[in-house]
$ cat my_file-v6.pdb   # PDB, C-alpha atoms
ATOM      1  CA  MET O   1     161.211 164.892  52.922
ATOM      2  CA  MET O   2     158.851 165.701  50.033
ATOM      3  CA  ALA O   3     157.477 162.160  50.073
ATOM      4  CA  SER O   4     156.583 162.430  53.766
ATOM      5  CA  ALA O   5     154.901 165.835  53.175
ATOM      6  CA  ILE O   6     152.802 164.308  50.376
ATOM      7  CA  LEU O   7     151.891 161.395  52.630
ATOM      8  CA  LEU O   8     150.906 163.773  55.465
ATOM      9  CA  ALA O   9     148.726 165.866  53.137
ATOM     10  CA  LEU O  10     146.945 162.716  51.911
ATOM     11  CA  ILE O  11     146.505 161.496  55.510
ATOM     12  CA  GLY O  12     145.073 164.926  56.403
ATOM     13  CA  GLY O  13     142.350 164.509  53.794
ATOM     14  CA  LEU O  14     141.727 160.912  54.801
ATOM     15  CA  CYS O  15     141.301 161.973  58.436
ATOM     16  CA  VAL O  16     138.623 164.524  57.438
ATOM     17  CA  SER O  17     136.523 161.741  55.911
ATOM     18  CA  LEU O  18     137.359 159.247  58.659
ATOM     19  CA  SER O  19     136.198 161.664  61.346
ATOM     20  CA  ARG O  20     132.975 162.311  59.409
ATOM     21  CA  GLN O  21     132.383 158.559  59.150
ATOM     22  CA  LEU O  22     133.034 158.000  62.897
ATOM     23  CA  ASN O  23     130.870 160.964  63.927
ATOM     24  CA  GLY O  24     128.184 159.739  61.538
ATOM     25  CA  ARG O  25     128.195 156.314  63.223
ATOM     26  CA  LEU O  26     127.846 157.939  66.659
ATOM     27  CA  SER O  27     125.020 160.174  65.473
ATOM     28  CA  LEU O  28     123.219 157.092  64.148
ATOM     29  CA  SER O  29     122.884 155.936  67.770
ATOM     30  CA  THR O  30     122.436 159.400  69.311
ATOM     31  CA  THR O  31     121.742 162.704  67.553
ATOM     32  CA  PRO O  32     123.873 164.856  65.193
ATOM     33  CA  MET O  33     124.395 167.468  67.972
ATOM     34  CA  VAL O  34     125.360 164.910  70.630
ATOM     35  CA  SER O  35     127.906 163.475  68.207
ATOM     36  CA  SER O  36     129.269 166.976  67.477
ATOM     37  CA  PHE O  37     129.616 167.534  71.249
ATOM     38  CA  TRP O  38     131.717 164.358  71.660
ATOM     39  CA  ASN O  39     133.806 165.269  68.616
ATOM     40  CA  HIS O  40     134.755 168.576  70.227
ATOM     41  CA  LEU O  41     135.256 167.156  73.726
ATOM     42  CA  VAL O  42     137.551 164.343  72.524
ATOM     43  CA  GLY O  43     139.419 166.682  70.133
ATOM     44  CA  PHE O  44     139.868 169.276  72.879
ATOM     45  CA  LEU O  45     141.265 166.709  75.325
ATOM     46  CA  ALA O  46     143.586 165.306  72.623
ATOM     47  CA  LEU O  47     144.934 168.789  71.836
ATOM     48  CA  CYS O  48     145.397 169.530  75.568
ATOM     49  CA  THR O  49     147.445 166.321  75.849
ATOM     50  CA  ILE O  50     149.547 167.202  72.810
ATOM     51  CA  GLY O  51     150.037 170.725  74.228
ATOM     52  CA  ALA O  52     151.168 169.297  77.565
ATOM     53  CA  ILE O  53     153.753 167.088  75.828
ATOM     54  CA  VAL O  54     155.002 169.473  73.124
ATOM     55  CA  GLY O  55     154.541 172.702  75.082
ATOM     56  CA  GLY O  56     153.771 176.147  73.727
ATOM     57  CA  LEU O  57     150.018 175.518  73.575
ATOM     58  CA  ILE O  58     149.214 179.141  74.400
ATOM     59  CA  PRO O  59     151.860 181.403  72.822
ATOM     60  CA  PRO O  60     152.277 184.978  74.168
ATOM     61  CA  SER O  61     150.733 186.417  70.990
ATOM     62  CA  ALA O  62     147.609 184.233  71.369
ATOM     63  CA  PHE O  63     145.225 187.004  72.337
ATOM     64  CA  SER O  64     146.252 189.511  69.679
ATOM     65  CA  ALA O  65     143.921 187.872  67.137
ATOM     66  CA  PRO O  66     140.854 189.827  65.991
ATOM     67  CA  PRO O  67     137.745 188.866  68.050
ATOM     68  CA  TYR O  68     135.841 187.382  65.089
ATOM     69  CA  ALA O  69     138.613 184.784  64.646
ATOM     70  CA  TYR O  70     137.279 183.039  67.758
ATOM     71  CA  LEU O  71     133.935 182.364  66.041
ATOM     72  CA  GLY O  72     135.525 179.524  64.032
ATOM     73  CA  GLY O  73     134.949 177.050  66.874
ATOM     74  CA  ALA O  74     131.225 177.774  67.039
ATOM     75  CA  MET O  75     130.951 177.379  63.259
ATOM     76  CA  GLY O  76     132.724 174.045  63.575
ATOM     77  CA  VAL O  77     130.002 172.706  65.888
ATOM     78  CA  ILE O  78     127.334 173.440  63.266
ATOM     79  CA  PHE O  79     129.571 172.121  60.473
ATOM     80  CA  VAL O  80     130.166 168.779  62.222
ATOM     81  CA  ALA O  81     126.481 168.413  63.172
ATOM     82  CA  ALA O  82     125.487 169.103  59.547
ATOM     83  CA  GLY O  83     127.918 166.425  58.330
ATOM     84  CA  ASN O  84     126.485 163.923  60.834
ATOM     85  CA  TRP O  85     122.959 164.671  59.715
ATOM     86  CA  LEU O  86     123.869 164.318  56.035
ATOM     87  CA  ILE O  87     126.228 161.330  55.931
ATOM     88  CA  VAL O  88     123.629 158.852  57.200
ATOM     89  CA  ARG O  89     121.146 160.190  54.611
ATOM     90  CA  ILE O  90     123.140 160.665  51.394
ATOM     91  CA  GLY O  91     126.391 158.776  52.112
ATOM     92  CA  ALA O  92     130.065 159.678  52.370
ATOM     93  CA  VAL O  93     130.799 160.539  48.729
ATOM     94  CA  ALA O  94     127.813 162.869  48.227
ATOM     95  CA  THR O  95     128.443 164.612  51.575
ATOM     96  CA  ALA O  96     132.136 165.119  50.763
ATOM     97  CA  VAL O  97     131.571 166.218  47.167
ATOM     98  CA  PHE O  98     128.795 168.758  47.848
ATOM     99  CA  THR O  99     130.701 170.177  50.816
ATOM    100  CA  ILE O 100     133.836 170.586  48.665
ATOM    101  CA  ALA O 101     131.723 172.225  45.943
ATOM    102  CA  GLY O 102     130.255 174.715  48.447
ATOM    103  CA  GLN O 103     133.692 175.476  49.855
ATOM    104  CA  MET O 104     135.252 176.089  46.442
ATOM    105  CA  ILE O 105     132.377 178.186  45.019
ATOM    106  CA  SER O 106     132.145 180.367  48.149
ATOM    107  CA  GLY O 107     135.940 180.775  48.078
ATOM    108  CA  VAL O 108     135.895 181.956  44.446
ATOM    109  CA  ALA O 109     132.888 184.217  45.193
ATOM    110  CA  THR O 110     134.785 185.783  48.129
ATOM    111  CA  ASP O 111     137.824 186.420  45.913
ATOM    112  CA  PHE O 112     135.556 187.864  43.224
ATOM    113  CA  VAL O 113     134.139 190.413  45.693
ATOM    114  CA  HIS O 114     137.543 191.255  47.214
ATOM    115  CA  THR O 115     139.242 191.845  43.862
ATOM    116  CA  ALA O 116     136.225 193.686  42.358
ATOM    117  CA  GLY O 117     135.754 191.017  39.689
ATOM    118  CA  ARG O 118     139.402 190.630  38.744
ATOM    119  CA  ILE O 119     139.902 186.918  39.208
ATOM    120  CA  GLY O 120     141.751 184.638  36.831
ATOM    121  CA  TRP O 121     140.045 182.525  34.196
ATOM    122  CA  PRO O 122     141.158 179.224  35.803
ATOM    123  CA  SER O 123     139.033 180.113  38.854
ATOM    124  CA  LEU O 124     136.022 180.825  36.657
ATOM    125  CA  LEU O 125     136.613 177.620  34.677
ATOM    126  CA  GLY O 126     136.955 175.633  37.920
ATOM    127  CA  ALA O 127     133.761 177.141  39.335
ATOM    128  CA  THR O 128     131.903 176.324  36.092
ATOM    129  CA  LEU O 129     133.098 172.699  36.193
ATOM    130  CA  ILE O 130     131.987 172.386  39.827
ATOM    131  CA  LEU O 131     128.522 173.812  39.125
ATOM    132  CA  ALA O 132     128.215 171.493  36.098
ATOM    133  CA  GLY O 133     129.087 168.567  38.360
ATOM    134  CA  VAL O 134     126.486 169.607  40.950
ATOM    135  CA  ALA O 135     123.861 169.949  38.190
ATOM    136  CA  LEU O 136     124.806 166.555  36.735
ATOM    137  CA  SER O 137     124.444 164.809  40.091
ATOM    138  CA  GLN O 138     120.863 166.086  40.269
ATOM    139  CA  LEU O 139     120.021 164.348  36.984
ATOM    140  CA  ARG O 140     120.799 160.938  38.480
ATOM    141  CA  PRO O 141     117.722 158.719  38.309
ATOM    142  CA  ARG O 142     116.695 157.780  41.853
ATOM    143  CA  THR O 143     114.524 154.964  43.069
TER     144      THR O 143
ATOM    145  CA  MET D 144     122.264 145.386  59.718
ATOM    146  CA  LEU D 145     121.770 148.809  61.228
ATOM    147  CA  PRO D 146     118.558 150.744  60.816
ATOM    148  CA  VAL D 147     119.391 153.611  58.481
ATOM    149  CA  THR D 148     117.085 156.305  57.187
ATOM    150  CA  PRO D 149     115.480 155.003  53.976
ATOM    151  CA  SER D 150     117.131 156.162  50.766
ATOM    152  CA  ALA D 151     116.244 159.731  49.930
ATOM    153  CA  LYS D 152     113.658 160.487  47.302
ATOM    154  CA  SER D 153     114.860 162.908  44.640
ATOM    155  CA  GLN D 154     113.103 165.919  46.173
ATOM    156  CA  SER D 155     114.697 165.553  49.593
ATOM    157  CA  TYR D 156     117.997 164.721  47.886
ATOM    158  CA  VAL D 157     118.062 168.264  46.464
ATOM    159  CA  LEU D 158     117.523 169.608  50.003
ATOM    160  CA  TYR D 159     120.362 167.462  51.393
ATOM    161  CA  ALA D 160     122.682 168.479  48.551
ATOM    162  CA  ALA D 161     121.867 172.153  49.210
ATOM    163  CA  ALA D 162     122.515 171.673  52.928
ATOM    164  CA  ALA D 163     125.923 170.077  52.226
ATOM    165  CA  PHE D 164     126.727 172.929  49.807
ATOM    166  CA  GLY D 165     125.778 175.417  52.553
ATOM    167  CA  ALA D 166     128.004 173.540  55.033
ATOM    168  CA  GLY D 167     130.866 173.961  52.544
ATOM    169  CA  CYS D 168     130.231 177.746  52.461
ATOM    170  CA  LEU D 169     130.306 177.757  56.277
ATOM    171  CA  LEU D 170     133.616 175.880  56.069
ATOM    172  CA  THR D 171     135.139 178.757  54.046
ATOM    173  CA  ALA D 172     134.223 181.228  56.822
ATOM    174  CA  MET D 173     135.425 178.816  59.504
ATOM    175  CA  LEU D 174     138.793 178.247  57.821
ATOM    176  CA  LYS D 175     139.263 182.028  57.475
ATOM    177  CA  CYS D 176     138.653 182.463  61.229
ATOM    178  CA  ASN D 177     140.957 179.592  62.175
ATOM    179  CA  ALA D 178     143.684 180.732  59.761
ATOM    180  CA  ASP D 179     143.608 184.257  61.244
ATOM    181  CA  LEU D 180     143.881 182.738  64.710
ATOM    182  CA  ALA D 181     146.784 180.540  63.580
ATOM    183  CA  HIS D 182     148.474 183.583  62.011
ATOM    184  CA  SER D 183     148.283 185.551  65.286
ATOM    185  CA  ALA D 184     149.266 182.599  67.479
ATOM    186  CA  SER D 185     150.030 179.097  66.140
ATOM    187  CA  ALA D 186     148.247 176.277  64.317
ATOM    188  CA  LEU D 187     148.127 174.250  67.531
ATOM    189  CA  PHE D 188     146.608 177.136  69.506
ATOM    190  CA  ALA D 189     144.060 177.809  66.726
ATOM    191  CA  SER D 190     142.853 174.214  66.838
ATOM    192  CA  PHE D 191     142.921 174.143  70.649
ATOM    193  CA  ALA D 192     140.870 177.367  70.873
ATOM    194  CA  ALA D 193     138.448 176.279  68.124
ATOM    195  CA  HIS D 194     137.781 172.954  69.885
ATOM    196  CA  GLY D 195     137.466 174.646  73.313
ATOM    197  CA  ILE D 196     135.028 177.273  72.071
ATOM    198  CA  GLY D 197     133.237 174.613  70.043
ATOM    199  CA  LEU D 198     132.864 172.521  73.191
ATOM    200  CA  VAL D 199     131.253 175.449  75.034
ATOM    201  CA  ALA D 200     128.976 176.172  72.048
ATOM    202  CA  ALA D 201     127.971 172.493  71.722
ATOM    203  CA  THR D 202     127.176 172.311  75.466
ATOM    204  CA  LEU D 203     124.952 175.414  75.237
ATOM    205  CA  ILE D 204     123.133 174.054  72.165
ATOM    206  CA  LEU D 205     122.565 170.664  73.865
ATOM    207  CA  LEU D 206     121.180 172.458  76.929
ATOM    208  CA  ALA D 207     118.855 174.503  74.713
ATOM    209  CA  LEU D 208     117.702 171.353  72.864
ATOM    210  CA  ARG D 209     117.429 169.413  76.158
ATOM    211  CA  GLN D 210     119.548 166.587  74.749
ATOM    212  CA  ARG D 211     121.846 164.585  77.002
ATOM    213  CA  PRO D 212     125.266 163.557  75.674
ATOM    214  CA  TRP D 213     125.332 160.275  77.582
ATOM    215  CA  ARG D 214     121.910 159.025  76.621
ATOM    216  CA  ALA D 215     120.982 157.727  73.225
ATOM    217  CA  GLY D 216     118.545 159.879  71.316
ATOM    218  CA  SER D 217     115.217 158.704  70.014
ATOM    219  CA  ALA D 218     116.057 159.445  66.384
ATOM    220  CA  ASN D 219     117.165 155.892  65.611
ATOM    221  CA  ALA D 220     115.824 153.879  68.516
ATOM    222  CA  GLY D 221     116.448 150.163  68.355
ATOM    223  CA  ALA D 222     119.467 147.940  67.898
ATOM    224  CA  ALA D 223     121.803 150.812  67.020
ATOM    225  CA  THR D 224     121.149 152.574  70.328
ATOM    226  CA  ALA D 225     121.703 149.441  72.410
ATOM    227  CA  LYS D 226     125.459 149.490  72.223
ATOM    228  CA  ILE D 227     127.606 152.201  70.777
ATOM    229  CA  PRO D 228     131.102 150.976  69.839
ATOM    230  CA  LEU D 229     133.794 152.856  71.761
ATOM    231  CA  TRP D 230     135.586 153.843  68.549
ATOM    232  CA  ALA D 231     132.527 155.815  67.431
ATOM    233  CA  TYR D 232     133.604 158.436  69.990
ATOM    234  CA  PHE D 233     137.042 158.833  68.375
ATOM    235  CA  GLY D 234     136.041 161.254  65.591
ATOM    236  CA  GLY D 235     137.657 164.043  67.601
ATOM    237  CA  PHE D 236     141.062 162.296  67.543
ATOM    238  CA  SER D 237     140.850 162.119  63.797
ATOM    239  CA  GLY D 238     139.959 165.830  63.695
ATOM    240  CA  ALA D 239     142.933 166.717  65.901
ATOM    241  CA  ALA D 240     145.226 164.569  63.724
ATOM    242  CA  THR D 241     143.988 166.438  60.617
ATOM    243  CA  VAL D 242     145.175 169.741  62.078
ATOM    244  CA  MET D 243     148.659 168.435  62.762
ATOM    245  CA  ALA D 244     149.109 166.583  59.456
ATOM    246  CA  THR D 245     147.890 169.498  57.320
ATOM    247  CA  SER D 246     149.782 172.218  59.179
ATOM    248  CA  ILE D 247     153.070 170.316  58.778
ATOM    249  CA  ALA D 248     152.338 169.605  55.095
ATOM    250  CA  ALA D 249     151.329 173.234  54.365
ATOM    251  CA  ASN D 250     154.656 174.453  55.763
ATOM    252  CA  SER D 251     156.627 172.119  53.462
ATOM    253  CA  ALA D 252     157.464 172.645  49.786
ATOM    254  CA  LEU D 253     153.884 171.524  48.995
ATOM    255  CA  GLY D 254     152.489 174.810  50.283
ATOM    256  CA  LEU D 255     148.837 175.396  51.098
ATOM    257  CA  ALA D 256     147.597 174.739  47.556
ATOM    258  CA  GLY D 257     149.402 171.410  47.240
ATOM    259  CA  THR D 258     148.196 170.370  50.701
ATOM    260  CA  LEU D 259     144.590 171.217  49.814
ATOM    261  CA  ALA D 260     144.798 169.367  46.484
ATOM    262  CA  LEU D 261     146.211 166.195  48.052
ATOM    263  CA  GLY D 262     143.738 166.523  50.943
ATOM    264  CA  LEU D 263     140.941 166.568  48.385
ATOM    265  CA  ALA D 264     142.274 163.337  46.887
ATOM    266  CA  GLY D 265     142.525 161.749  50.345
ATOM    267  CA  GLN D 266     138.909 162.719  51.134
ATOM    268  CA  LEU D 267     137.509 161.385  47.869
ATOM    269  CA  VAL D 268     139.412 158.075  48.037
ATOM    270  CA  PHE D 269     138.310 157.412  51.623
ATOM    271  CA  SER D 270     134.694 158.417  50.895
ATOM    272  CA  LEU D 271     134.542 156.094  47.873
ATOM    273  CA  ALA D 272     135.842 153.204  49.979
ATOM    274  CA  ALA D 273     133.444 154.119  52.803
ATOM    275  CA  ASP D 274     130.381 154.056  50.532
ATOM    276  CA  MET D 275     131.506 150.977  48.636
ATOM    277  CA  TRP D 276     131.997 148.838  51.753
ATOM    278  CA  GLY D 277     129.837 150.680  54.273
ATOM    279  CA  LEU D 278     132.801 151.389  56.570
ATOM    280  CA  MET D 279     132.326 152.152  60.306
ATOM    281  CA  GLY D 280     128.841 150.672  60.453
ATOM    282  CA  LEU D 281     127.271 153.099  57.993
ATOM    283  CA  LYS D 282     125.237 151.945  55.009
ATOM    284  CA  ALA D 283     127.028 150.691  51.887
ATOM    285  CA  ARG D 284     125.920 152.500  48.732
ATOM    286  CA  LYS D 285     126.249 151.710  45.062
ATOM    287  CA  LEU D 286     127.499 154.626  42.985
ATOM    288  CA  SER D 287     126.076 155.227  39.522
ATOM    289  CA  LEU D 288     127.963 156.549  36.493
ATOM    290  CA  TYR D 289     126.202 159.890  37.106
ATOM    291  CA  ASP D 290     127.758 160.069  40.572
ATOM    292  CA  LEU D 291     131.225 159.247  39.253
ATOM    293  CA  ALA D 292     130.963 161.777  36.387
ATOM    294  CA  ALA D 293     129.763 164.483  38.818
ATOM    295  CA  LEU D 294     132.575 163.580  41.212
ATOM    296  CA  ALA D 295     135.135 163.871  38.394
ATOM    297  CA  LEU D 296     133.821 167.309  37.302
ATOM    298  CA  ILE D 297     133.804 168.656  40.874
ATOM    299  CA  GLY D 298     137.235 167.152  41.579
ATOM    300  CA  VAL D 299     138.853 168.601  38.429
ATOM    301  CA  GLY D 300     137.138 171.982  38.976
ATOM    302  CA  SER D 301     138.398 172.122  42.570
ATOM    303  CA  LEU D 302     141.932 171.190  41.487
ATOM    304  CA  THR D 303     141.907 173.964  38.857
ATOM    305  CA  ILE D 304     140.992 176.555  41.509
ATOM    306  CA  ILE D 305     143.469 175.241  44.084
ATOM    307  CA  LEU D 306     146.373 175.025  41.632
ATOM    308  CA  GLU D 307     145.694 178.529  40.288
ATOM    309  CA  ALA D 308     145.809 179.833  43.864
ATOM    310  CA  GLY D 309     149.104 177.990  44.340
ATOM    311  CA  ALA D 310     150.613 179.484  41.179
ATOM    312  CA  GLY D 311     149.506 182.990  42.150
ATOM    313  CA  THR D 312     151.380 183.160  45.415
TER     314      THR D 312
END
$ encode --input "my_file-v6.pdb" --output "structure tokens"
Amino acid sequence: MMASAILLALIGGLCVSLSRQLNGRLSLSTTPMVSSFWNHLVGFLALCTIGAIVGGLIPPSAFSAPPYAYLGGAMGVIFVAAGNWLIVRIGAVATAVFTIAGQMISGVATDFVHTAGRIGWPSLLGATLILAGVALSQLRPRT
Amino acid sequence: MLPVTPSAKSQSYVLYAAAAFGAGCLLTAMLKCNADLAHSASALFASFAAHGIGLVAATLILLALRQRPWRAGSANAGAATAKIPLWAYFGGFSGAATVMATSIAANSALGLAGTLALGLAGQLVFSLAADMWGLMGLKARKLSLYDLAALALIGVGSLTIILEAGAGT
């Protein structure tokens, strides 16, 4: 049970990078926005199919969410297009690592604001390590 | 093999790194929206709605940019535009699979923090393999010791934050 959960979590991460690699390949032959369009069309059709098989795609409580929650989809379009633009220029590792760094630092910053500065030292240590890593990657000699 | 943008000079590399960092900040806002949607409805509905709204948004942006989804763009004209492998269109399947795998894992004993930490590992391992061998027709890249040291610092820092969040709840 635990082993299959661990495997699923690893596969989840792998799929994030795989989808970025596939979208990057498509954007190489088209444009980053065209590739983002196909990503959302194919994903939407896949989820419709899953919904048709499993059922319960639109639960009764679906429209009780706050309106801003629906903006996530529009942000996703920009996020995928940005990944497409970047992966062909700086590669998979750099795209993944800088995106993770931005996600973690903005997450800690959000917590910092919400708790009025009362966040634990591990978060501050983690953020410092991430920023050190970002700084270090900029020192790399490039040809 | 495929025509790829020439390797970035250090100045533009800083711009690309900043753009990726900004995309990561956008991801935080996006995940908050999608999590709130999943909380009100379900994980499947959240992903369905996000993809549906994303599809509408992408269509509007393409219309505004006057780009056609079925015709190759001029950005990388040449051999790469001649034939696009069918699998290059399957990124969306992989995205849909991510939603299912992570929402099952997050509801197990692993919790959200454990799922994020293992997801991080999955991303880094696949990206390393992708750059090393140039998977899916993208350019292979050699990583320097600087890259690996930076990757280790960012990985350990991220784990520290994720695991603290897991211990707190």
$ atom_distance --input "my_file-v6.pdb" --atom1 "CA of Ala127 (chain O)" --atom2 "CA of Met104 (chain O)"
7.3 Å
$ closest_residue --input "my_file-v6.pdb" --among "D:Ala166, D:Leu253, D:Ala201, D:Ala181" --to "Trp85 (chain O)" --atoms "all atoms listed in the file"
D:Ala166
$ closest_residue --input "my_file-v6.pdb" --among "O:Val34, O:Val16, O:Val93, O:Val134" --to "Tyr232 (chain D)" --atoms "only C-alpha atoms"
O:Val34
$ closest_residue --input "my_file-v6.pdb" --among "O:Thr95, O:Ala135, O:Gly73, O:Gly120" --to "Leu306 (chain D)" --atoms "only C-alpha atoms"
O:Gly120
$ closest_residue --input "my_file-v6.pdb" --among "D:Gly167, D:Lys285, D:Gly257, D:Gly309" --to "chain O" --atoms "all atoms listed in the file"
D:Gly167
$ residues_around --input "my_file-v6.pdb" --residues "region 189-200 of chain D" --least-positions-apart "3" --cutoff "7 Å" --atoms "only C-alpha atoms" --output "ChimeraX atom specification"
/O:37,40-41,43-44,47,70,72-74,76-77 /D:177,180-181,185-186,203-204,242
$ closest_residue --input "my_file-v6.pdb" --among "D:Ser270, D:Leu255, D:Gly280, D:Thr241" --to "Val97 (chain O)" --atoms "all atoms listed in the file"
D:Ser270
$ resolve_selection --input "my_file-v6.pdb" --expression "the PyMOL selection byres ((chain D and resi 265) around 6)" --output "PyMOL selection string"
(chain O and resi 10+13-14) or (chain D and resi 262-264+266-268)
$ atom_distance --input "my_file-v6.pdb" --atom1 "CA of Ala248 (chain D)" --atom2 "CA of Thr171 (chain D)"
19.5 Å
$ resolve_selection --input "my_file-v6.pdb" --expression "the PyMOL selection byres ((chain O and resi 20) around 8)" --output "list in words"
Val16, Ser17, Leu18, Ser19, Gln21, Leu22, Asn23, Gly24, Val80, Gly83, Asn84 and Ile87 of chain O; Gly234 of chain D
$ write_last_selection --input "my_file-v6.pdb" --atoms "C-alpha atoms" --output "PDB file, in the coordinates of the input"
ATOM      1  CA  VAL O  16     138.623 164.524  57.438  1.00  0.00           C
ATOM      2  CA  SER O  17     136.523 161.741  55.911  1.00  0.00           C
ATOM      3  CA  LEU O  18     137.359 159.247  58.659  1.00  0.00           C
ATOM      4  CA  SER O  19     136.198 161.664  61.346  1.00  0.00           C
ATOM      5  CA  GLN O  21     132.383 158.559  59.150  1.00  0.00           C
ATOM      6  CA  LEU O  22     133.034 158.000  62.897  1.00  0.00           C
ATOM      7  CA  ASN O  23     130.870 160.964  63.927  1.00  0.00           C
ATOM      8  CA  GLY O  24     128.184 159.739  61.538  1.00  0.00           C
ATOM      9  CA  VAL O  80     130.166 168.779  62.222  1.00  0.00           C
ATOM     10  CA  GLY O  83     127.918 166.425  58.330  1.00  0.00           C
ATOM     11  CA  ASN O  84     126.485 163.923  60.834  1.00  0.00           C
ATOM     12  CA  ILE O  87     126.228 161.330  55.931  1.00  0.00           C
TER      13      ILE O  87
ATOM     14  CA  GLY D 234     136.041 161.254  65.591  1.00  0.00           C
TER      15      GLY D 234
END
$ resolve_selection --input "my_file-v6.pdb" --expression "the PyMOL selection byres ((chain D and resi 295) around 12)" --output "PDB file with C-alpha atoms, in the frame of the given file"
ATOM      1  CA  VAL O  93     130.799 160.539  48.729  1.00  0.00           C
ATOM      2  CA  VAL O  97     131.571 166.218  47.167  1.00  0.00           C
ATOM      3  CA  ALA O 101     131.723 172.225  45.943  1.00  0.00           C
ATOM      4  CA  GLY O 126     136.955 175.633  37.920  1.00  0.00           C
ATOM      5  CA  LEU O 129     133.098 172.699  36.193  1.00  0.00           C
ATOM      6  CA  ILE O 130     131.987 172.386  39.827  1.00  0.00           C
ATOM      7  CA  LEU O 131     128.522 173.812  39.125  1.00  0.00           C
ATOM      8  CA  ALA O 132     128.215 171.493  36.098  1.00  0.00           C
ATOM      9  CA  GLY O 133     129.087 168.567  38.360  1.00  0.00           C
ATOM     10  CA  VAL O 134     126.486 169.607  40.950  1.00  0.00           C
ATOM     11  CA  LEU O 136     124.806 166.555  36.735  1.00  0.00           C
ATOM     12  CA  SER O 137     124.444 164.809  40.091  1.00  0.00           C
TER      13      SER O 137
ATOM     14  CA  LEU D 263     140.941 166.568  48.385  1.00  0.00           C
ATOM     15  CA  ALA D 264     142.274 163.337  46.887  1.00  0.00           C
ATOM     16  CA  LEU D 267     137.509 161.385  47.869  1.00  0.00           C
ATOM     17  CA  LEU D 288     127.963 156.549  36.493  1.00  0.00           C
ATOM     18  CA  TYR D 289     126.202 159.890  37.106  1.00  0.00           C
ATOM     19  CA  ASP D 290     127.758 160.069  40.572  1.00  0.00           C
ATOM     20  CA  LEU D 291     131.225 159.247  39.253  1.00  0.00           C
ATOM     21  CA  ALA D 292     130.963 161.777  36.387  1.00  0.00           C
ATOM     22  CA  ALA D 293     129.763 164.483  38.818  1.00  0.00           C
ATOM     23  CA  LEU D 294     132.575 163.580  41.212  1.00  0.00           C
ATOM     24  CA  LEU D 296     133.821 167.309  37.302  1.00  0.00           C
ATOM     25  CA  ILE D 297     133.804 168.656  40.874  1.00  0.00           C
ATOM     26  CA  GLY D 298     137.235 167.152  41.579  1.00  0.00           C
ATOM     27  CA  VAL D 299     138.853 168.601  38.429  1.00  0.00           C
ATOM     28  CA  GLY D 300     137.138 171.982  38.976  1.00  0.00           C
ATOM     29  CA  SER D 301     138.398 172.122  42.570  1.00  0.00           C
ATOM     30  CA  LEU D 302     141.932 171.190  41.487  1.00  0.00           C
TER      31      LEU D 302
END
$ residues_around --input "my_file-v6.pdb" --residues "Asp179 (chain D)" --least-positions-apart "2" --cutoff "9 Å" --atoms "all atoms listed in the file" --output "list in words"
Ala65, Pro66 and Ala69 of chain O; Leu174, Lys175, Cys176, Asn177, Ala181, His182, Ser183, Ala184 and Ala189 of chain D
$ write_last_selection --input "my_file-v6.pdb" --atoms "C-alpha atoms" --output "PDB file, in the frame of the given file"
ATOM      1  CA  ALA O  65     143.921 187.872  67.137  1.00  0.00           C
ATOM      2  CA  PRO O  66     140.854 189.827  65.991  1.00  0.00           C
ATOM      3  CA  ALA O  69     138.613 184.784  64.646  1.00  0.00           C
TER       4      ALA O  69
ATOM      5  CA  LEU D 174     138.793 178.247  57.821  1.00  0.00           C
ATOM      6  CA  LYS D 175     139.263 182.028  57.475  1.00  0.00           C
ATOM      7  CA  CYS D 176     138.653 182.463  61.229  1.00  0.00           C
ATOM      8  CA  ASN D 177     140.957 179.592  62.175  1.00  0.00           C
ATOM      9  CA  ALA D 181     146.784 180.540  63.580  1.00  0.00           C
ATOM     10  CA  HIS D 182     148.474 183.583  62.011  1.00  0.00           C
ATOM     11  CA  SER D 183     148.283 185.551  65.286  1.00  0.00           C
ATOM     12  CA  ALA D 184     149.266 182.599  67.479  1.00  0.00           C
ATOM     13  CA  ALA D 189     144.060 177.809  66.726  1.00  0.00           C
TER      14      ALA D 189
END
$ closest_residue --input "my_file-v6.pdb" --among "O:Thr110, O:Trp121, O:Ala52, O:Ser36" --to "Phe79 (chain O)" --atoms "all atoms listed in the file"
O:Ser36
$ decode --input "my_file-v6.pdb" --residues "region 22-26 of chain O" --atoms "N, CA, C and O atoms" --output "PDB file, in the first residue's frame"
ATOM      1  N   LEU O  22       7.891  16.702 -23.704  1.00  0.00           N
ATOM      2  CA  LEU O  22       7.038  16.494 -24.886  1.00  0.00           C
ATOM      3  C   LEU O  22       6.554  17.838 -25.439  1.00  0.00           C
ATOM      4  O   LEU O  22       6.619  18.088 -26.648  1.00  0.00           O
ATOM      5  N   ASN O  23       6.073  18.710 -24.543  1.00  0.00           N
ATOM      6  CA  ASN O  23       5.604  20.024 -24.994  1.00  0.00           C
ATOM      7  C   ASN O  23       6.748  20.835 -25.601  1.00  0.00           C
ATOM      8  O   ASN O  23       6.545  21.583 -26.556  1.00  0.00           O
ATOM      9  N   GLY O  24       7.943  20.654 -25.018  1.00  0.00           N
ATOM     10  CA  GLY O  24       9.119  21.355 -25.540  1.00  0.00           C
ATOM     11  C   GLY O  24       9.428  20.905 -26.961  1.00  0.00           C
ATOM     12  O   GLY O  24       9.738  21.720 -27.834  1.00  0.00           O
ATOM     13  N   ARG O  25       9.308  19.591 -27.201  1.00  0.00           N
ATOM     14  CA  ARG O  25       9.563  19.053 -28.552  1.00  0.00           C
ATOM     15  C   ARG O  25       8.554  19.625 -29.555  1.00  0.00           C
ATOM     16  O   ARG O  25       8.916  19.998 -30.670  1.00  0.00           O
ATOM     17  N   LEU O  26       7.278  19.707 -29.131  1.00  0.00           N
ATOM     18  CA  LEU O  26       6.248  20.243 -30.024  1.00  0.00           C
ATOM     19  C   LEU O  26       6.508  21.724 -30.295  1.00  0.00           C
ATOM     20  O   LEU O  26       6.361  22.191 -31.430  1.00  0.00           O
TER      21      LEU O  26
END
